[in-house]
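Dropping structure19.cif in here (mmCIF, C-alpha atoms):
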```
data_work
loop_
_atom_site.label_atom_id
_atom_site.label_comp_id
_atom_site.auth_asym_id
_atom_site.auth_seq_id
_atom_site.Cartn_x
_atom_site.Cartn_y
_atom_site.Cartn_z
CA MET A 17 35.97 64.36 -43.02
CA ASN A 18 33.99 63.75 -39.87
CA ALA A 19 37.08 63.55 -37.69
CA ILE A 20 38.36 66.79 -39.11
CA ALA A 21 35.07 68.48 -38.29
CA LYS A 22 35.32 67.54 -34.65
CA ILE A 23 38.75 69.03 -34.36
CA LEU A 24 37.44 72.20 -35.80
CA ILE A 25 34.77 72.40 -33.17
CA ALA A 26 37.36 72.34 -30.43
CA ALA A 27 39.28 75.04 -32.16
CA VAL A 28 36.21 77.17 -32.41
CA ALA A 29 35.73 77.03 -28.67
CA VAL A 30 39.22 78.33 -28.09
CA SER A 31 38.71 81.00 -30.69
CA ALA A 32 35.49 82.02 -29.09
CA ALA A 33 37.22 82.61 -25.79
CA ALA A 34 39.77 84.70 -27.50
CA ALA A 35 37.05 86.47 -29.35
CA SER A 36 35.56 87.84 -26.21
CA SER A 37 38.50 90.13 -25.95
CA ALA A 38 39.48 90.26 -29.56
CA ASP A 39 35.96 90.43 -30.91
CA ALA A 40 36.93 87.96 -33.55
CA THR A 41 35.42 84.91 -35.26
CA PRO A 42 31.92 83.90 -34.18
CA SER A 43 31.36 80.35 -33.17
CA VAL A 44 30.61 77.85 -35.87
CA PRO A 45 27.70 75.52 -35.33
CA GLY A 46 28.72 71.85 -35.58
CA ASP A 47 27.54 68.28 -34.95
CA GLN A 48 28.35 66.37 -31.80
CA ILE A 49 28.21 62.61 -31.33
CA THR A 50 28.01 61.24 -27.87
CA VAL A 51 28.87 57.59 -27.47
CA LYS A 52 27.57 55.96 -24.34
CA GLY A 53 27.25 52.43 -23.27
CA ASN A 54 25.78 50.44 -20.45
CA ALA A 55 26.98 47.02 -19.46
CA PRO A 56 23.86 45.16 -18.42
CA ALA A 57 23.81 43.30 -15.18
CA ILE A 58 24.16 39.68 -16.10
CA CYS A 59 24.08 36.46 -14.17
CA VAL A 60 24.45 33.19 -15.94
CA LEU A 61 23.58 30.19 -13.81
CA GLY A 62 24.49 26.91 -15.45
CA GLU A 63 23.12 23.43 -15.05
CA TRP A 64 23.71 21.23 -12.05
CA ALA A 65 26.46 18.65 -12.22
CA LEU A 66 27.10 15.88 -9.71
CA LYS A 67 30.64 16.35 -8.41
CA SER A 68 30.78 13.56 -5.85
CA GLY A 69 28.54 10.94 -4.37
CA SER A 70 27.05 7.68 -5.51
CA ALA A 71 23.89 8.17 -7.55
CA SER A 72 22.90 8.18 -11.16
CA PHE A 73 22.49 11.73 -12.40
CA SER A 74 20.58 13.30 -15.25
CA PRO A 75 21.84 16.86 -15.82
CA GLY A 76 19.77 19.67 -17.21
CA SER A 77 17.89 22.71 -16.06
CA THR A 78 16.14 20.26 -13.79
CA GLY A 79 18.86 17.90 -12.66
CA VAL A 80 17.73 14.57 -11.27
CA ALA A 81 19.85 12.40 -8.98
CA THR A 82 18.60 8.89 -8.35
CA PHE A 83 19.67 6.56 -5.59
CA THR A 84 19.29 2.85 -6.09
CA SER A 85 16.74 1.05 -3.99
CA ASP A 86 19.51 -0.82 -2.20
CA GLN A 87 21.02 2.47 -1.08
CA LEU A 88 17.81 3.22 0.79
CA THR A 89 16.97 0.09 2.75
CA GLY A 90 18.32 -3.30 3.67
CA THR A 91 16.64 -6.59 2.96
CA ASP A 92 14.54 -6.16 6.09
CA GLY A 93 13.19 -2.79 4.92
CA VAL A 94 15.15 -0.84 7.54
CA SER A 95 16.87 2.31 6.36
CA VAL A 96 20.54 2.13 5.45
CA LEU A 97 20.63 5.60 3.88
CA GLY A 98 22.85 8.06 5.71
CA PRO A 99 25.73 10.52 5.53
CA ALA A 100 27.80 8.06 3.48
CA ASN A 101 25.32 8.69 0.68
CA ALA A 102 25.91 12.45 0.57
CA LEU A 103 25.75 14.07 -2.86
CA ASP A 104 27.71 17.17 -3.88
CA PHE A 105 26.41 19.26 -6.79
CA HIS A 106 27.90 22.24 -8.60
CA ALA A 107 26.14 24.78 -10.81
CA PRO A 108 28.42 27.31 -12.58
CA LEU A 109 27.57 30.92 -11.92
CA VAL A 110 28.97 34.11 -13.46
CA CYS A 111 27.69 37.52 -12.41
CA ASN A 112 28.95 41.06 -13.00
CA THR A 113 26.95 42.83 -10.39
CA ALA A 114 25.54 42.53 -6.94
CA ILE A 115 23.15 39.64 -6.62
CA SER A 116 20.65 38.01 -4.38
CA TRP A 117 20.50 34.25 -4.32
CA SER A 118 17.99 32.02 -2.69
CA PHE A 119 16.94 28.43 -2.48
CA SER A 120 13.72 26.70 -1.63
CA THR A 121 12.91 23.11 -0.77
CA THR A 122 9.72 21.42 -1.86
CA ASN A 123 9.14 19.04 1.03
CA GLY A 124 11.77 19.69 3.62
CA ALA A 125 12.37 15.94 3.58
CA PHE A 126 13.23 13.14 1.20
CA ARG A 127 9.66 11.88 1.31
CA LEU A 128 7.34 9.23 -0.02
CA THR A 129 5.55 10.80 -2.98
CA SER A 130 2.28 8.92 -2.52
CA GLY A 131 1.52 10.81 0.65
CA ALA A 132 0.69 7.58 2.44
CA VAL A 133 0.62 7.94 6.21
CA PRO A 134 2.94 5.38 7.79
CA PRO A 135 1.39 2.92 10.21
CA SER A 136 3.02 2.37 13.55
CA GLY A 137 6.53 1.05 13.18
CA PHE A 138 7.16 2.55 9.73
CA ALA A 139 8.49 5.84 8.39
CA ASN A 140 7.86 7.69 5.13
CA GLN A 141 10.71 10.18 4.95
CA TRP A 142 14.35 10.96 5.59
CA LEU A 143 15.47 14.33 6.86
CA TYR A 144 18.67 15.67 5.32
CA GLY A 145 21.38 18.20 5.82
CA LEU A 146 21.78 20.83 3.13
CA SER A 147 24.72 23.13 2.57
CA VAL A 148 24.38 25.76 -0.16
CA GLY A 149 26.70 28.61 -1.08
CA PRO A 150 28.90 30.37 -3.64
CA TYR A 151 32.55 29.50 -4.28
CA THR A 152 35.42 30.82 -6.34
CA SER A 153 37.04 28.78 -9.07
CA GLY A 154 39.69 27.84 -6.54
CA GLY A 155 37.08 26.40 -4.22
CA VAL A 156 37.17 29.26 -1.74
CA GLN A 157 33.89 30.08 -0.09
CA VAL A 158 32.48 33.49 -1.03
CA ALA A 159 30.65 35.15 1.82
CA SER A 160 28.18 33.02 3.69
CA VAL A 161 27.21 29.42 3.07
CA ASP A 162 23.89 28.27 4.44
CA SER A 163 23.86 24.94 6.24
CA PHE A 164 20.92 23.40 8.01
CA THR A 165 19.12 20.16 8.69
CA SER A 166 15.68 19.90 7.19
CA SER A 167 12.72 19.75 9.53
CA GLY A 168 10.12 18.11 7.35
CA ALA A 169 8.63 21.46 6.30
CA PRO A 170 9.52 23.41 3.12
CA GLN A 171 12.27 25.95 3.65
CA TYR A 172 13.27 29.16 1.88
CA GLU A 173 16.42 31.20 2.46
CA SER A 174 17.69 34.31 0.66
CA TYR A 175 21.08 36.04 0.70
CA GLY A 176 22.56 39.18 -0.84
CA LEU A 177 26.08 39.70 -2.14
CA ASN A 178 27.75 42.94 -3.19
CA ALA A 179 29.32 43.25 -6.62
CA GLY A 180 32.82 42.66 -5.33
CA ASP A 181 31.85 39.32 -3.87
CA SER A 182 29.49 38.18 -6.58
CA GLU A 183 32.07 38.82 -9.32
CA ARG A 184 34.38 36.30 -7.64
CA ILE A 185 31.84 33.49 -7.82
CA ALA A 186 32.57 30.59 -10.15
CA TYR A 187 29.95 28.14 -9.01
CA MET A 188 27.24 27.41 -6.49
CA ASP A 189 27.80 24.33 -4.40
CA MET A 190 25.04 22.24 -2.84
CA VAL A 191 25.65 19.25 -0.59
CA PHE A 192 22.73 16.96 0.18
CA THR A 193 23.41 14.73 3.19
CA PRO A 194 20.74 12.24 4.28
CA VAL A 195 20.28 11.81 8.01
CA ALA A 196 20.65 8.20 9.14
CA GLN A 197 17.70 6.66 10.93
CA ASN A 198 17.07 3.17 12.23
CA LEU A 199 13.53 3.04 10.92
CA ARG A 200 11.60 0.69 8.71
CA MET A 201 10.63 2.50 5.52
CA LEU A 202 7.39 2.26 3.61
CA ALA A 203 7.78 0.92 0.11
CA GLY A 204 7.29 3.40 -2.72
CA ASN A 205 8.86 6.35 -4.53
CA TYR A 206 10.69 9.03 -2.59
CA SER A 207 11.62 12.52 -3.80
CA GLU A 208 12.79 15.97 -2.81
CA SER A 209 13.38 19.01 -5.03
CA ILE A 210 15.52 22.04 -4.29
CA THR A 211 15.43 25.17 -6.43
CA LEU A 212 18.27 27.69 -6.55
CA THR A 213 17.53 31.18 -7.88
CA VAL A 214 20.06 33.93 -8.61
CA SER A 215 18.99 37.50 -9.46
CA PRO A 216 21.08 40.59 -10.25
CA THR A 217 20.33 43.52 -7.99
CA LEU A 218 21.04 46.94 -9.55
CA MET B 30 21.43 66.15 -38.16
CA ILE B 31 21.77 62.75 -39.60
CA ARG B 32 24.67 61.95 -37.31
CA ALA B 33 22.87 63.39 -34.30
CA ALA B 34 19.88 61.18 -34.96
CA ALA B 35 22.08 58.13 -35.27
CA GLY B 36 23.74 58.88 -31.94
CA LEU B 37 20.40 59.22 -30.23
CA GLY B 38 19.36 55.90 -31.62
CA ILE B 39 22.33 54.19 -30.04
CA LEU B 40 21.62 55.72 -26.67
CA MET B 41 18.03 54.57 -26.69
CA ALA B 42 18.98 51.06 -27.56
CA LEU B 43 21.42 50.81 -24.69
CA ALA B 44 19.05 52.34 -22.21
CA ALA B 45 16.40 49.77 -23.10
CA THR B 46 18.68 46.81 -22.35
CA PRO B 47 17.28 45.17 -19.21
CA ALA B 48 19.14 43.41 -16.49
CA LEU B 49 19.74 39.90 -17.75
CA CYS B 50 19.84 36.58 -16.01
CA ALA B 51 20.16 33.82 -18.57
CA ALA B 52 19.09 31.04 -16.22
CA PRO B 53 17.78 32.51 -13.01
CA SER B 54 16.69 29.23 -11.47
CA GLN B 55 17.92 25.66 -11.48
CA MET B 56 15.96 22.86 -9.84
CA LEU B 57 17.57 19.76 -8.45
CA THR B 58 15.58 16.65 -7.62
CA VAL B 59 16.79 13.73 -5.54
CA GLN B 60 14.71 10.61 -5.94
CA SER B 61 14.60 6.88 -5.44
CA SER B 62 12.30 4.01 -4.57
CA VAL B 63 12.08 1.79 -1.56
CA ALA B 64 11.30 -1.73 -2.68
CA THR B 65 8.78 -3.75 -0.72
CA ARG B 66 10.67 -5.93 1.71
CA CYS B 67 9.30 -8.77 3.80
CA LYS B 68 11.05 -10.60 6.54
CA MET B 69 9.82 -13.56 8.55
CA LEU B 70 11.55 -15.13 11.53
CA PRO B 71 11.31 -18.79 12.61
CA PRO B 72 8.28 -19.47 14.79
CA GLN B 73 7.98 -19.49 18.52
CA VAL B 74 5.78 -22.43 19.56
CA THR B 75 3.79 -23.02 22.69
CA GLY B 76 1.29 -25.69 23.67
CA ALA B 77 0.98 -28.51 26.17
CA GLY B 78 1.75 -31.92 24.74
CA THR B 79 3.93 -30.55 21.99
CA ASN B 80 7.61 -30.41 21.25
CA PHE B 81 8.99 -28.11 18.60
CA THR B 82 12.31 -28.52 16.84
CA SER B 83 13.37 -25.51 14.81
CA ALA B 84 14.86 -26.06 11.37
CA GLY B 85 15.56 -23.16 9.09
CA ALA B 86 12.54 -20.91 8.77
CA GLY B 87 10.24 -23.67 10.02
CA GLY B 88 10.68 -26.86 11.97
CA ARG B 89 8.89 -29.93 13.24
CA LEU B 90 6.09 -30.00 15.78
CA ASP B 91 5.73 -33.32 17.58
CA LEU B 92 2.50 -34.14 19.36
CA THR B 93 3.89 -36.01 22.34
CA ASN B 94 0.54 -37.18 23.65
CA PHE B 95 -1.13 -37.86 20.34
CA VAL B 96 -3.35 -40.73 21.42
CA ASN B 97 -4.54 -42.17 24.68
CA SER B 98 -4.59 -45.74 25.81
CA SER B 99 -7.63 -46.30 23.61
CA ASP B 100 -5.70 -45.12 20.57
CA LYS B 101 -7.95 -42.12 20.28
CA THR B 102 -6.57 -38.64 19.90
CA GLN B 103 -6.04 -36.41 22.88
CA ALA B 104 -6.87 -32.75 22.63
CA VAL B 105 -3.97 -30.55 21.60
CA ASN B 106 -3.83 -26.82 21.26
CA ALA B 107 -0.60 -25.46 19.86
CA GLN B 108 0.19 -21.90 18.96
CA LEU B 109 2.85 -20.88 16.44
CA GLU B 110 3.95 -17.25 16.18
CA PHE B 111 5.99 -15.99 13.25
CA SER B 112 7.40 -12.48 13.54
CA ILE B 113 6.83 -10.78 10.18
CA VAL B 114 7.55 -7.36 8.74
CA CYS B 115 6.54 -6.18 5.29
CA THR B 116 7.15 -2.62 4.12
CA GLY B 117 4.46 -2.75 1.46
CA ALA B 118 1.78 -4.91 -0.12
CA HIS B 119 2.36 -8.62 0.36
CA SER B 120 0.77 -12.00 -0.06
CA LEU B 121 0.54 -14.38 2.87
CA THR B 122 -1.08 -17.78 2.88
CA VAL B 123 -1.22 -20.51 5.48
CA GLY B 124 -2.11 -23.95 4.24
CA THR B 125 -2.23 -27.62 5.01
CA GLN B 126 -0.51 -29.88 2.54
CA SER B 127 -2.34 -33.12 3.34
CA GLY B 128 -5.56 -31.79 4.77
CA GLY B 129 -5.08 -33.46 8.11
CA LEU B 130 -2.83 -35.86 9.98
CA ASN B 131 -2.35 -38.91 7.82
CA ASP B 132 -0.48 -42.15 8.32
CA GLN B 133 1.52 -41.86 5.12
CA THR B 134 2.62 -45.49 5.09
CA ALA B 135 -0.57 -47.16 6.16
CA GLY B 136 -2.50 -49.45 3.95
CA THR B 137 -6.18 -50.06 4.33
CA PRO B 138 -6.95 -49.70 8.01
CA GLY B 139 -8.28 -52.56 9.95
CA SER B 140 -11.91 -52.68 10.82
CA GLY B 141 -12.81 -49.98 13.31
CA PHE B 142 -9.57 -48.09 12.84
CA VAL B 143 -8.78 -44.92 10.97
CA THR B 144 -5.58 -43.51 9.48
CA HIS B 145 -6.60 -39.86 9.33
CA ALA B 146 -7.29 -37.18 11.92
CA ASP B 147 -8.60 -33.77 11.00
CA TYR B 148 -7.79 -30.67 13.00
CA GLY B 149 -8.71 -27.02 13.06
CA LEU B 150 -6.37 -24.25 11.96
CA SER B 151 -6.85 -20.57 12.67
CA ALA B 152 -4.44 -17.90 11.42
CA SER B 153 -4.36 -14.23 12.45
CA TRP B 154 -2.36 -11.47 10.79
CA ASP B 155 -2.72 -7.71 10.85
CA ASN B 156 -6.16 -7.74 12.51
CA THR B 157 -7.50 -10.40 10.18
CA THR B 158 -8.30 -13.95 11.26
CA LYS B 159 -9.21 -16.81 8.98
CA SER B 160 -9.88 -20.44 9.85
CA LEU B 161 -10.27 -23.82 8.25
CA THR B 162 -10.90 -27.37 9.31
CA THR B 163 -9.00 -30.01 7.45
CA ASN B 164 -10.99 -32.52 5.43
CA GLY B 165 -8.41 -34.68 3.73
CA THR B 166 -7.46 -32.34 0.92
CA ALA B 167 -4.98 -29.50 0.69
CA ALA B 168 -6.40 -26.16 1.71
CA SER B 169 -5.19 -22.71 2.72
CA VAL B 170 -6.30 -19.36 4.07
CA ASP B 171 -5.25 -16.09 2.46
CA LEU B 172 -4.11 -13.26 4.72
CA SER B 173 -2.60 -11.01 2.03
CA GLN B 174 -2.50 -7.28 2.67
CA THR B 175 -2.40 -4.31 0.32
CA GLY B 176 -0.15 -2.27 2.58
CA PRO B 177 2.68 -2.57 5.05
CA ALA B 178 2.31 -4.51 8.26
CA SER B 179 4.42 -5.75 11.10
CA GLY B 180 3.73 -8.05 14.00
CA ASN B 181 3.14 -11.73 14.59
CA LEU B 182 1.38 -14.20 12.40
CA VAL B 183 -0.36 -16.39 14.95
CA ILE B 184 -1.43 -19.89 13.96
CA ASP B 185 -3.60 -21.91 16.30
CA LEU B 186 -3.80 -25.65 15.79
CA ASN B 187 -6.61 -27.50 17.50
CA LEU B 188 -6.83 -31.27 17.50
CA ALA B 189 -9.98 -32.53 19.05
CA ALA B 190 -9.99 -35.41 21.49
CA GLY B 191 -11.60 -38.71 20.64
CA ILE B 192 -10.74 -39.23 16.98
CA GLY B 193 -10.05 -42.88 16.28
CA PRO B 194 -9.07 -45.36 17.27
CA LEU B 195 -6.04 -44.70 15.08
CA GLN B 196 -4.12 -47.43 13.40
CA ALA B 197 -0.55 -47.56 14.63
CA GLY B 198 1.81 -45.50 12.52
CA ASP B 199 3.39 -42.09 11.94
CA TYR B 200 0.89 -39.39 11.26
CA THR B 201 2.06 -36.27 9.56
CA ASP B 202 0.95 -33.13 7.80
CA ALA B 203 2.81 -30.07 6.58
CA ILE B 204 1.62 -26.59 7.38
CA ILE B 205 3.02 -24.24 4.80
CA VAL B 206 3.36 -20.49 5.38
CA GLN B 207 4.08 -18.56 2.19
CA LEU B 208 5.05 -14.90 2.33
CA ASN B 209 5.86 -12.86 -0.75
CA THR B 210 6.08 -9.23 -1.68
CA ALA B 211 3.32 -8.10 -4.01
CA GLN B 212 4.31 -5.37 -6.45
#
```
As structure tokens:
Amino acid sequence: MNAIAKILIAAVAVSAAAASSADATPSVPGDQITVKGNAPAICVLGEWALKSGSASFSPGSTGVATFTSDQLTGTDGVSVLGPANALDFHAPLVCNTAISWSFSTTNGAFRLTSGAVPPSGFANQWLYGLSVGPYTSGGVQVASVDSFTSSGAPQYESYGLNAGDSERIAYMDMVFTPVAQNLRMLAGNYSESITLTVSPTL
Amino acid sequence: MIRAAAGLGILMALAATPALCAAPSQMLTVQSSVATRCKMLPPQVTGAGTNFTSAGAGGRLDLTNFVNSSDKTQAVNAQLEFSIVCTGAHSLTVGTQSGGLNDQTAGTPGSGFVTHADYGLSASWDNTTKSLTTNGTAASVDLSQTGPASGNLVIDLNLAAGIGPLQAGDYTDAIIVQLNTAQ
């Protein structure tokens, strides 16, 4: 019955036009249903996964990659960590709108957590190269990829992508590449954290 | 009217749907630990009246002018330097095994003779110096550090002149340097 009523409404409109000259049937009041929808802007950023590189890895919303102690220094305490120890991480990303994405580093270095100041002849951190950017499922880079070498100070970078580009993204890629250094390293725990944030922009 | 109200309800629900981002941020942490490492090189030895033969991490120090024509000791000052690096806390001791130079094979010395000669030992490491004088029993000095250090462990041996007369024989002692990481 409802569908029939809607057809009648359309017919009334035509009749009304005719009525202006024919002075015929008055319009019949009726109900109208408007159906509208809005697809919300959605970005789903998945958990980090270690794609290549030698380290133990604990996935999760806070992924943790752990080098062995032997990957860091030799028996004489001198660093052996370097580009050969690079780690490549992927985090799946699906967005249906324009986005901004950003990353921030906690230390700007892979640094001794105790904060101990190294005496002469010792070092307490490694600098590293970082490459971060979006890629398609076929591994094609989408728009810009940020690459830099850390300076020892925290760093923050932000980028925007239009909808056409962001909808092509399948994952965010992050490559962490330690910088080799012929320095004697202080004993202790070392750490660096990098946070990636993706936000839809309407 | 009922249908109109229902349609309005749908519109309101859609309009209230916010922009979603199921997991806006993901943190990644890279971590590891550097173990304490210590390395010690064989010593460099200087001192008049001495001859050093390296063997492994240590060696043998011969006192070439041990006694004079009266069989009494002649003064000797020898310096041994061990290059050491430790990236963290470590224990370091320098000790004498016999507590002096002893004739290991001698029996009871003849009247007026001795079979033992004490000497002084001073060891310096990372701005700390400790000393001992042998007295016939094993002894050591402790130069352990709670943090990293690099440089030379310097051991000074001082044998005074005039000890004796010494009974003929081979006099020996062992100076033992022990270096370990301390976790």
Given the PyMOL selection byres ((chain B and resi 115-130) around 6), the residues it picks as number ranges by chain: A: 202-203; B: 65-67, 114, 131, 145-147, 163-178, 200-211
Limited to C-alpha atoms, could you put the picked residues into a file as a PDB file, keeping the file's coordinate frame?
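Writing done, so here's result-v4.pdb:
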```pdb
ATOM      1  CA  LEU A 202       7.390   2.260   3.610  1.00  0.00           C
ATOM      2  CA  ALA A 203       7.780   0.920   0.110  1.00  0.00           C
TER       3      ALA A 203
ATOM      4  CA  THR B  65       8.780  -3.750  -0.720  1.00  0.00           C
ATOM      5  CA  ARG B  66      10.670  -5.930   1.710  1.00  0.00           C
ATOM      6  CA  CYS B  67       9.300  -8.770   3.800  1.00  0.00           C
ATOM      7  CA  VAL B 114       7.550  -7.360   8.740  1.00  0.00           C
ATOM      8  CA  ASN B 131      -2.350 -38.910   7.820  1.00  0.00           C
ATOM      9  CA  HIS B 145      -6.600 -39.860   9.330  1.00  0.00           C
ATOM     10  CA  ALA B 146      -7.290 -37.180  11.920  1.00  0.00           C
ATOM     11  CA  ASP B 147      -8.600 -33.770  11.000  1.00  0.00           C
ATOM     12  CA  THR B 163      -9.000 -30.010   7.450  1.00  0.00           C
ATOM     13  CA  ASN B 164     -10.990 -32.520   5.430  1.00  0.00           C
ATOM     14  CA  GLY B 165      -8.410 -34.680   3.730  1.00  0.00           C
ATOM     15  CA  THR B 166      -7.460 -32.340   0.920  1.00  0.00           C
ATOM     16  CA  ALA B 167      -4.980 -29.500   0.690  1.00  0.00           C
ATOM     17  CA  ALA B 168      -6.400 -26.160   1.710  1.00  0.00           C
ATOM     18  CA  SER B 169      -5.190 -22.710   2.720  1.00  0.00           C
ATOM     19  CA  VAL B 170      -6.300 -19.360   4.070  1.00  0.00           C
ATOM     20  CA  ASP B 171      -5.250 -16.090   2.460  1.00  0.00           C
ATOM     21  CA  LEU B 172      -4.110 -13.260   4.720  1.00  0.00           C
ATOM     22  CA  SER B 173      -2.600 -11.010   2.030  1.00  0.00           C
ATOM     23  CA  GLN B 174      -2.500  -7.280   2.670  1.00  0.00           C
ATOM     24  CA  THR B 175      -2.400  -4.310   0.320  1.00  0.00           C
ATOM     25  CA  GLY B 176      -0.150  -2.270   2.580  1.00  0.00           C
ATOM     26  CA  PRO B 177       2.680  -2.570   5.050  1.00  0.00           C
ATOM     27  CA  ALA B 178       2.310  -4.510   8.260  1.00  0.00           C
ATOM     28  CA  TYR B 200       0.890 -39.390  11.260  1.00  0.00           C
ATOM     29  CA  THR B 201       2.060 -36.270   9.560  1.00  0.00           C
ATOM     30  CA  ASP B 202       0.950 -33.130   7.800  1.00  0.00           C
ATOM     31  CA  ALA B 203       2.810 -30.070   6.580  1.00  0.00           C
ATOM     32  CA  ILE B 204       1.620 -26.590   7.380  1.00  0.00           C
ATOM     33  CA  ILE B 205       3.020 -24.240   4.800  1.00  0.00           C
ATOM     34  CA  VAL B 206       3.360 -20.490   5.380  1.00  0.00           C
ATOM     35  CA  GLN B 207       4.080 -18.560   2.190  1.00  0.00           C
ATOM     36  CA  LEU B 208       5.050 -14.900   2.330  1.00  0.00           C
ATOM     37  CA  ASN B 209       5.860 -12.860  -0.750  1.00  0.00           C
ATOM     38  CA  THR B 210       6.080  -9.230  -1.680  1.00  0.00           C
ATOM     39  CA  ALA B 211       3.320  -8.100  -4.010  1.00  0.00           C
TER      40      ALA B 211
END
```
Would you tabulate, counting all atoms listed in the file, all residues of chain A that have an atom at most 7 Å from an atom of chain B, showing the closest pair of atoms and their distance in Å to one decimal, sorted by chain then ascending number, as a Markdown table?
```
| residue | atom | partner | partner_atom | distance |
| --- | --- | --- | --- | --- |
| A:Asp47 | CA | B:Ala33 | CA | 6.8 |
| A:Gln48 | CA | B:Ala33 | CA | 6.7 |
| A:Ile49 | CA | B:Gly36 | CA | 5.9 |
| A:Thr50 | CA | B:Gly36 | CA | 6.4 |
| A:Val51 | CA | B:Gly36 | CA | 6.9 |
| A:Lys52 | CA | B:Leu40 | CA | 6.4 |
| A:Gly53 | CA | B:Leu43 | CA | 6.2 |
| A:Asn54 | CA | B:Leu43 | CA | 6.1 |
| A:Pro56 | CA | B:Ala48 | CA | 5.4 |
| A:Ala57 | CA | B:Ala48 | CA | 4.9 |
| A:Ile58 | CA | B:Leu49 | CA | 4.7 |
| A:Cys59 | CA | B:Cys50 | CA | 4.6 |
| A:Val60 | CA | B:Ala51 | CA | 5.1 |
| A:Leu61 | CA | B:Ala52 | CA | 5.2 |
| A:Gly62 | CA | B:Ala52 | CA | 6.8 |
| A:Glu63 | CA | B:Gln55 | CA | 6.7 |
| A:Ser77 | CA | B:Gln55 | CA | 5.4 |
| A:Thr78 | CA | B:Met56 | CA | 4.7 |
| A:Gly79 | CA | B:Leu57 | CA | 4.8 |
| A:Val80 | CA | B:Thr58 | CA | 4.7 |
| A:Ala81 | CA | B:Val59 | CA | 4.8 |
| A:Thr82 | CA | B:Gln60 | CA | 4.9 |
| A:Phe83 | CA | B:Ser61 | CA | 5.1 |
| A:Thr84 | CA | B:Ser61 | CA | 6.2 |
| A:Ser85 | CA | B:Val63 | CA | 5.3 |
| A:Leu88 | CA | B:Val63 | CA | 6.4 |
| A:Thr89 | CA | B:Val63 | CA | 6.7 |
| A:Thr91 | CA | B:Arg66 | CA | 6.1 |
| A:Asp92 | CA | B:Lys68 | CA | 5.7 |
| A:Gly93 | CA | B:Arg66 | CA | 5.1 |
| A:Met201 | CA | B:Thr116 | CA | 6.3 |
| A:Leu202 | CA | B:Thr116 | CA | 4.9 |
| A:Ala203 | CA | B:Val63 | CA | 4.7 |
| A:Gly204 | CA | B:Val63 | CA | 5.2 |
| A:Asn205 | CA | B:Ser62 | CA | 4.2 |
| A:Tyr206 | CA | B:Ser61 | CA | 5.3 |
| A:Ser207 | CA | B:Gln60 | CA | 4.2 |
| A:Glu208 | CA | B:Val59 | CA | 5.3 |
| A:Ser209 | CA | B:Thr58 | CA | 4.1 |
| A:Ile210 | CA | B:Leu57 | CA | 5.2 |
| A:Thr211 | CA | B:Met56 | CA | 4.2 |
| A:Leu212 | CA | B:Gln55 | CA | 5.3 |
| A:Thr213 | CA | B:Ser54 | CA | 4.2 |
| A:Val214 | CA | B:Pro53 | CA | 5.2 |
| A:Ser215 | CA | B:Pro53 | CA | 6.2 |
```
The PyMOL selection byres ((chain B and resi 184) around 7) - which residues does that actually catch in the file I just gave you? List them as a PyMOL selection string. chain B and resi 108-110+150-153+182-183+185-186
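Selection check: the PyMOL selection byres ((chain A and resi 122) around 6) on the shown file gives A:Thr121, A:Asn123, A:Pro170, A:Ser209.
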Å distance separating CA of Thr75 in chain B from CA of Arg200 in chain A, one decimal place: 28.6 Å
Missing atoms in range 131-140 of chain A: can you complete it with N, CA and C atoms, as a PDB file, in the frame of the given file?
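Saved file part_35.pdb follows:
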```pdb
ATOM      1  N   GLY A 131       2.211  10.141  -0.444  1.00  0.00           N
ATOM      2  CA  GLY A 131       1.520  10.810   0.650  1.00  0.00           C
ATOM      3  C   GLY A 131       0.939   9.849   1.675  1.00  0.00           C
ATOM      4  N   ALA A 132       1.246   8.565   1.509  1.00  0.00           N
ATOM      5  CA  ALA A 132       0.690   7.580   2.440  1.00  0.00           C
ATOM      6  C   ALA A 132       1.185   7.850   3.860  1.00  0.00           C
ATOM      7  N   VAL A 133       0.265   7.749   4.796  1.00  0.00           N
ATOM      8  CA  VAL A 133       0.620   7.940   6.210  1.00  0.00           C
ATOM      9  C   VAL A 133       1.174   6.622   6.741  1.00  0.00           C
ATOM     10  N   PRO A 134       2.341   6.647   7.332  1.00  0.00           N
ATOM     11  CA  PRO A 134       2.940   5.380   7.790  1.00  0.00           C
ATOM     12  C   PRO A 134       2.217   4.827   9.010  1.00  0.00           C
ATOM     13  N   PRO A 135       1.929   3.537   8.996  1.00  0.00           N
ATOM     14  CA  PRO A 135       1.390   2.920  10.210  1.00  0.00           C
ATOM     15  C   PRO A 135       2.482   2.825  11.266  1.00  0.00           C
ATOM     16  N   SER A 136       2.070   2.472  12.444  1.00  0.00           N
ATOM     17  CA  SER A 136       3.020   2.370  13.550  1.00  0.00           C
ATOM     18  C   SER A 136       4.174   1.428  13.174  1.00  0.00           C
ATOM     19  N   GLY A 137       5.368   1.876  13.461  1.00  0.00           N
ATOM     20  CA  GLY A 137       6.530   1.050  13.180  1.00  0.00           C
ATOM     21  C   GLY A 137       7.180   1.320  11.844  1.00  0.00           C
ATOM     22  N   PHE A 138       6.614   2.247  11.056  1.00  0.00           N
ATOM     23  CA  PHE A 138       7.160   2.550   9.730  1.00  0.00           C
ATOM     24  C   PHE A 138       7.379   4.069   9.599  1.00  0.00           C
ATOM     25  N   ALA A 139       8.243   4.427   8.673  1.00  0.00           N
ATOM     26  CA  ALA A 139       8.490   5.840   8.390  1.00  0.00           C
ATOM     27  C   ALA A 139       8.345   6.084   6.895  1.00  0.00           C
ATOM     28  N   ASN A 140       8.068   7.353   6.541  1.00  0.00           N
ATOM     29  CA  ASN A 140       7.860   7.690   5.130  1.00  0.00           C
ATOM     30  C   ASN A 140       8.758   8.821   4.656  1.00  0.00           C
TER      31      ASN A 140
END
```
